[in-house]
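K.L.:
Dropping a structure here in structure tokens format, bear with me for questions.
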Amino acid sequence: MRICIIGFGAVGQGVARVFSMKRNKIKQKYGLDLELVAATDSEGAVISEGGLDPDLLIETKKKTGKVSEYPKYGVSGLSGYEVMDTVEYDCLIEVTPTNIDDGEPARTHILKAIENGKDVVTSNKGPLALSYREIVDKAKSNGVEFKFEASVGGAMPILNFAHETLAGCDINSVFGILNGTTNFILSRMAKEGSSYEQTLKEAQQLGIAETNPAQDVDGIDAACKVVILANSILNRDVSFKDVEIDGISKITPGSIELAKKEGYLIKLIGEASQETLEVSPRLVREGSPFAVGGTLNVATLKTDLAEDVTVVGKGAGSVETASAILSDIISIWKVRK
Ligand code: HSE
């Protein structure tokens with residue numbers, strides 16, 4: 001499968017890393033050859049129809065800050081959009097930063113690939129939170145696969161899990177910790193009394209925060225995920241503007257201490273149901289399944305047949321998020337081969 005990665009930040013580099021780690025195993029196990037034919041960042045691109053070396057690509061990006069410095073095949077100034085017209089590929093991996101104002105440039109990249117009959121995998125929440133139906137309908141009418149497991153909860157399995165493992169159940173609501181950065185901040189503040197500013201800085205250094213970290217702390221990132229869950233799992237037709245949002249910026253060390261004394265933790269919770277779309281800080285009991293720390297995400301799906309099912313996993317991180325992208329690529333391969 002010829003793969004084109006648009007965006008080479010933490011997630012794009014994670015995808016290259018898992019290609020390097022897993023290419024041989026995946027070939028043996030599924031007969032799928034992951035051939036990376038192009039990658040782009042905001043400065044330019046690198047294209048080789050004979051295939052790029054993912055390790056050299058990561059090294060080049062780390063050393064120079066630009067994929068276009070890749071020996072021989074780099075092209076400075078070429079945009080993702082132009083690359084899609086230049087290279088022959090089968091599957092687009094759209095992993096540019098989330099833009100919640102208009103979903104661009106990801107929305108245009110994704111629609112262009114779909115119109116050209118290419119399968120698409122994305123972790124990008126902007127187009128999904130703003131133009132979900134348009135994209136999903138276009139993918140259906142063009143007969144292409146459009147997968148986005150990595151957009152909600154990073155490595156926490158939820159979308160494919162709901163559609164496949166819980167295929168026979170009606171799912172009535174989803175409730176959970178959907179943002180790794182705020183969970184990291186809140187749990188460090190509760191456990192070690194670390195300051196909000198310092199912990200946010202660490203989250204940025206770890207590559208788990210959004211390019212604009214206000215999206216995390218203001219609840220915007222979690223709200224995008226609420227929209228994706230509502231549309232994809234609850235079959236609603238909603239968008240970002242329909243979510244009531246309150247972030248964590250008003251949470252003080254004092255309020256965390258007070259909650260702790262009463263046996264509670266403060267967590268940023270997202271909820272999606274037929275009646276509710278909400279993100280807000282809430283109290284969860286210490287010792288409950290929601291008392292997870294670090295970058296973990298957790299979500300409970302309320303179902304008719306199976307009652308409550310709770311999933312947990314790393315909600316952010318380069319390789320962790322790429323694991324969900326890889327599993328989407330493999331499931332596309334199973335349909336295509
Ligand atoms: N910034 C996001 C988070 C990344 O912290 O959860 C994963 O969507």
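Each chain of the structure tokens is named A, B, ... in the order shown, its residues numbered from 1; ligands are numbered from 1 in display order.
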Neighbours of ligand 1 at 8 Å or closer, counting only C-alpha atoms and all ligand atoms: which residues, as a ChimeraX atom specification?
P.N.:
/A:123,125,150-154,178-183,208-210,213,215-216,221-222,295,297,315-317,321
K.L.:
Residues of region 88-331 of chain A in helix (DSSP H, G or I) according to DSSP, as a PyMOL selection string?
P.N.:
chain A and resi 106-115+125-130+132-141+149-151+159-165+180-192+196-205+214-217+220-232+240-242+253-261+318-331
K.L.:
With only C-alpha atoms as the counted atoms, please give the residues lying no more than 10 Å from region 40-49 of chain A, apart from itself and same-chain residues fewer than 5 positions off, as a short mmCIF file (atom, residue, chain, number, x, y, z; two decimals) with N, CA and C atoms, in the first residue's frame.
P.N.:
```cif
data_model
loop_
_atom_site.label_atom_id
_atom_site.label_comp_id
_atom_site.auth_asym_id
_atom_site.auth_seq_id
_atom_site.Cartn_x
_atom_site.Cartn_y
_atom_site.Cartn_z
N ARG A 2 0.67 2.13 -0.98
CA ARG A 2 1.50 3.35 -1.06
C ARG A 2 0.87 4.44 -0.19
N ILE A 3 1.68 4.94 0.72
CA ILE A 3 1.13 5.86 1.73
C ILE A 3 1.76 7.23 1.65
N CYS A 4 0.89 8.24 1.75
CA CYS A 4 1.33 9.64 1.73
C CYS A 4 0.94 10.26 3.07
N ILE A 5 1.92 10.77 3.81
CA ILE A 5 1.64 11.41 5.11
C ILE A 5 1.66 12.92 4.93
N ILE A 6 0.54 13.56 5.24
CA ILE A 6 0.50 15.03 5.21
C ILE A 6 0.55 15.54 6.64
N GLY A 7 1.63 16.21 6.99
CA GLY A 7 1.84 16.68 8.37
C GLY A 7 2.90 15.81 9.01
N PHE A 8 3.96 16.43 9.53
CA PHE A 8 5.04 15.61 10.10
C PHE A 8 5.45 16.14 11.47
N GLY A 9 4.44 16.40 12.31
CA GLY A 9 4.69 16.75 13.71
C GLY A 9 4.77 15.47 14.53
N GLY A 12 2.72 12.51 12.87
CA GLY A 12 3.32 12.06 11.60
C GLY A 12 4.62 11.31 11.85
N GLU A 35 4.37 1.06 2.25
CA GLU A 35 5.38 1.78 1.48
C GLU A 35 5.12 3.28 1.56
N LEU A 57 13.94 9.67 7.43
CA LEU A 57 12.99 10.78 7.40
C LEU A 57 12.87 11.43 8.79
N LYS A 61 14.12 15.21 9.85
CA LYS A 61 13.21 16.18 10.46
C LYS A 61 13.78 16.67 11.79
N GLY A 65 14.59 20.16 11.00
CA GLY A 65 13.25 20.74 11.16
C GLY A 65 12.42 20.66 9.89
N LYS A 66 12.98 20.05 8.81
CA LYS A 66 12.26 20.05 7.52
C LYS A 66 12.35 18.68 6.85
N VAL A 67 11.23 18.15 6.38
CA VAL A 67 11.30 16.89 5.63
C VAL A 67 11.94 17.12 4.26
N SER A 68 11.88 18.37 3.78
CA SER A 68 12.43 18.65 2.45
C SER A 68 13.96 18.57 2.41
N GLU A 69 14.59 18.44 3.59
CA GLU A 69 16.05 18.26 3.62
C GLU A 69 16.44 16.79 3.43
N TYR A 70 15.46 15.92 3.25
CA TYR A 70 15.74 14.49 3.01
C TYR A 70 16.59 14.38 1.75
N PRO A 71 17.71 13.62 1.81
CA PRO A 71 18.63 13.59 0.68
C PRO A 71 17.95 13.21 -0.63
N LYS A 72 18.29 13.93 -1.66
CA LYS A 72 17.92 13.66 -3.06
C LYS A 72 16.44 13.91 -3.38
N TYR A 73 15.51 13.50 -2.50
CA TYR A 73 14.09 13.54 -2.87
C TYR A 73 13.30 14.71 -2.26
N GLY A 74 13.96 15.53 -1.44
CA GLY A 74 13.25 16.63 -0.80
C GLY A 74 12.92 17.76 -1.78
N VAL A 75 11.74 18.39 -1.58
CA VAL A 75 11.34 19.53 -2.42
C VAL A 75 10.86 20.65 -1.52
N SER A 76 11.65 21.72 -1.42
CA SER A 76 11.29 22.82 -0.54
C SER A 76 10.07 23.56 -1.10
N GLY A 77 9.15 23.95 -0.21
CA GLY A 77 8.04 24.80 -0.60
C GLY A 77 6.85 24.08 -1.22
N LEU A 78 6.95 22.79 -1.47
CA LEU A 78 5.82 22.07 -2.08
C LEU A 78 4.77 21.79 -0.98
N SER A 79 3.50 22.13 -1.23
CA SER A 79 2.47 21.97 -0.20
C SER A 79 1.88 20.55 -0.24
N GLY A 80 1.20 20.21 0.85
CA GLY A 80 0.52 18.91 0.91
C GLY A 80 -0.45 18.76 -0.25
N TYR A 81 -1.18 19.82 -0.55
CA TYR A 81 -2.17 19.80 -1.63
C TYR A 81 -1.48 19.48 -2.97
N GLU A 82 -0.35 20.13 -3.19
CA GLU A 82 0.38 19.89 -4.46
C GLU A 82 0.95 18.48 -4.51
N VAL A 83 1.41 18.00 -3.37
CA VAL A 83 1.98 16.65 -3.33
C VAL A 83 0.93 15.62 -3.75
N THR A 86 0.96 15.15 -7.24
CA THR A 86 2.25 14.80 -7.82
C THR A 86 2.56 13.31 -7.70
N VAL A 87 2.16 12.72 -6.57
CA VAL A 87 2.60 11.35 -6.29
C VAL A 87 1.45 10.35 -6.46
N GLU A 88 1.78 9.16 -6.90
CA GLU A 88 0.80 8.06 -6.97
C GLU A 88 0.74 7.44 -5.57
N TYR A 89 -0.44 7.42 -4.96
CA TYR A 89 -0.55 6.81 -3.64
C TYR A 89 -1.92 6.14 -3.51
N VAL A 95 -2.42 14.24 9.08
CA VAL A 95 -2.07 14.46 10.48
C VAL A 95 -1.50 15.87 10.70
N THR A 96 -2.06 16.84 9.99
CA THR A 96 -1.68 18.23 10.24
C THR A 96 -2.34 18.67 11.56
#
```
K.L.:
At a cut-off of 7 Å, using only C-alpha atoms, what residues contact Asp246 (chain A)? Leave out same-chain residues fewer than 4 positions from it and give the result as a list in words.
P.N.:
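Using only C-alpha atoms, the neighbours found are Asp218, Gly219, Val279 and Ser280 of chain A.
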K.L.:
Running DSSP on the backbone, which parts of region 59-108 of chain A land in strand (DSSP E or B), as number ranges by chain?
P.N.:
A: 74-76, 91-94
K.L.:
Let's have the selection written as a PDB file, in the first residue's frame, with C-alpha atoms.
P.N.:
```
ATOM      1  CA  GLY A  74      13.253  16.631  -0.800  1.00  0.00           C
ATOM      2  CA  VAL A  75      11.344  19.526  -2.424  1.00  0.00           C
ATOM      3  CA  SER A  76      11.290  22.821  -0.537  1.00  0.00           C
ATOM      4  CA  CYS A  91      -3.930   5.941   1.241  1.00  0.00           C
ATOM      5  CA  LEU A  92      -3.640   9.442   2.671  1.00  0.00           C
ATOM      6  CA  ILE A  93      -2.633   9.893   6.314  1.00  0.00           C
ATOM      7  CA  GLU A  94      -3.809  13.390   7.265  1.00  0.00           C
TER       8      GLU A  94
END
```
K.L.:
Give me, as a list in words, all polymer residues having an atom no more than 12 Å from Met21 (chain A), counting only C-alpha atoms and skipping those fewer than 4 positions away in the same chain.
P.N.:
Gly14, Val15, Ala16, Arg17, Lys25, Ile26, Lys27, Leu34, Asp53, Pro54, Asp55, Val319, Ala322, Ser323 and Leu326 of chain A
K.L.:
As a list in words, please: the residues near region 228-236 of chain A (cut-off 9 Å, only C-alpha atoms, same-chain neighbours under 3 positions excluded).
P.N.:
Lys125, Leu128, Ala129, Tyr132, Arg133, Ser151, Val152, Ile158, Leu159, Ala162, His163, Asp170, Ile171, Asn172, Ser173, Val174, Ala223, Cys224, Lys225, Ser239, Ala272, Ser273, Gln274 and Leu277 of chain A
K.L.:
Between CA of Glu164 (chain A) and CA of Tyr30 (chain A), what is the distance, to one decimal in Å?
P.N.:
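Computing the Euclidean distance for CA of Glu164 (chain A) and CA of Tyr30 (chain A) yields 19.3 Å.
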K.L.:
Find the residue from A:Met1, A:Leu200, A:Val312, A:Val11 that sits nearest to Lys118 (chain A); use only C-alpha atoms when measuring.
P.N.:
A:Met1
K.L.:
Show me, as a PyMOL selection string, the residues that have an atom within 6 Å of Leu283 (chain A) when counting only C-alpha atoms, minus same-chain residues fewer than 4 positions from it.
P.N.:
chain A and resi 264-266
